[in-house]
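To keep things clear, I will list the structure first and then write my remarks on it.
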Amino acid sequence: MYKATVIIKLKKGVLNPEGRTINRALNFLGFNNVKDVQTYKMIDMIIEGDNREEIEKEVEEMCKKLLANPVIHDYEIKVEKI
């Protein structure tokens with residue numbers, strides 16, 4: 001069995017309204033040293049299998065087909081044996 005972690009980020013230059021809202025709220029609460037906030041999506045999956053390379057390919061396919069939008073997202077995949 002493996003644990004696959006996918007971190008999905010907005011590409012550089014794509015607006016991040018959630019991060020901007022959090023930044024403003026933190027400033028409003030007195031955390032004025034916060035100048036920028038970026039938000040990410042992290043997905044953990046437990047996947048049955050014996051071949052790490054096949055699992056990495058499968059997770060890559062999941063990202064391309066469902067988990068990430070290639071127009072606005074970059075993503076990183078980490079697979080580790082558990």
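Every chain in the structure tokens has a letter given in the order shown (A, B, ...), and although residue numbers restart at 1 in each chain, ligands are simply numbered from 1 in the order shown.
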
For this session: Could you give me the residues within chain A that DSSP places in strand (DSSP E or B), as a ChimeraX atom specification?
Result: /A:2-10,41-47,73-81

For this session: Please return as a list of chain:residue names: the residues of chain A that backbone DSSP assigns to helix (DSSP H, G or I).
Result: A:Pro17, A:Glu18, A:Gly19, A:Arg20, A:Thr21, A:Ile22, A:Asn23, A:Arg24, A:Ala25, A:Leu26, A:Asn27, A:Phe28, A:Arg52, A:Glu53, A:Glu54, A:Ile55, A:Glu56, A:Lys57, A:Glu58, A:Val59, A:Glu60, A:Glu61, A:Met62, A:Cys63, A:Lys64, A:Lys65, A:Leu66, A:Leu67

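Non-sequential neighbours of A:Ile47 (distance at most 9 Å, separation of 5 or more positions within a chain, only C-alpha atoms) are A:Met1, A:Tyr2, A:Lys3, A:Ala4, A:Ile55.
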
I'd like the contact shell of A:Leu67 - 9 Å cut-off, only C-alpha atoms, skipping same-chain residues fewer than 5 positions apart - returned as a PDB file with C-alpha atoms, in the first residue's frame.
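Once written, result.pdb looks like this:
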ATOM      1  CA  VAL A   6      -1.097  15.723  -4.312  1.00  0.00           C
ATOM      2  CA  ILE A   8      -2.413  21.652  -6.119  1.00  0.00           C
ATOM      3  CA  ILE A  43      -5.211  15.589  -1.261  1.00  0.00           C
ATOM      4  CA  MET A  62      -6.060  11.425 -11.834  1.00  0.00           C
TER       5      MET A  62
END

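Ranking A:Lys35, A:Arg24, A:Lys11, A:Lys57 by their shortest atom-to-atom distance to A:His73, with only C-alpha atoms included, puts A:Lys11 first.
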
Problem set entry | Spatial neighbours of A:Gly13, 12 Å, only C-alpha atoms, chain gap at least 4 places, as an MDAnalysis selection string | chainID A and resid 9 38 71:74

Saved selection, atoms kept: N, CA and C atoms, as a short mmCIF file (atom, residue, chain, number, x, y, z; two decimals), in the first residue's frame:
data_model
loop_
_atom_site.label_atom_id
_atom_site.label_comp_id
_atom_site.auth_asym_id
_atom_site.auth_seq_id
_atom_site.Cartn_x
_atom_site.Cartn_y
_atom_site.Cartn_z
N LYS A 9 -1.62 23.88 -6.66
CA LYS A 9 -1.41 25.32 -6.47
C LYS A 9 -1.90 26.06 -7.70
N GLN A 38 -1.00 32.67 0.13
CA GLN A 38 -1.32 31.78 -0.97
C GLN A 38 -2.00 30.55 -0.37
N VAL A 71 -4.99 24.49 -16.97
CA VAL A 71 -4.94 25.89 -17.40
C VAL A 71 -4.53 26.80 -16.25
N ILE A 72 -5.00 26.51 -15.04
CA ILE A 72 -4.74 27.42 -13.91
C ILE A 72 -3.94 26.78 -12.77
N HIS A 73 -3.74 25.47 -12.79
CA HIS A 73 -3.08 24.80 -11.67
C HIS A 73 -1.74 24.17 -12.04
N ASP A 74 -0.84 24.19 -11.09
CA ASP A 74 0.35 23.35 -11.07
C ASP A 74 0.14 22.36 -9.94
#
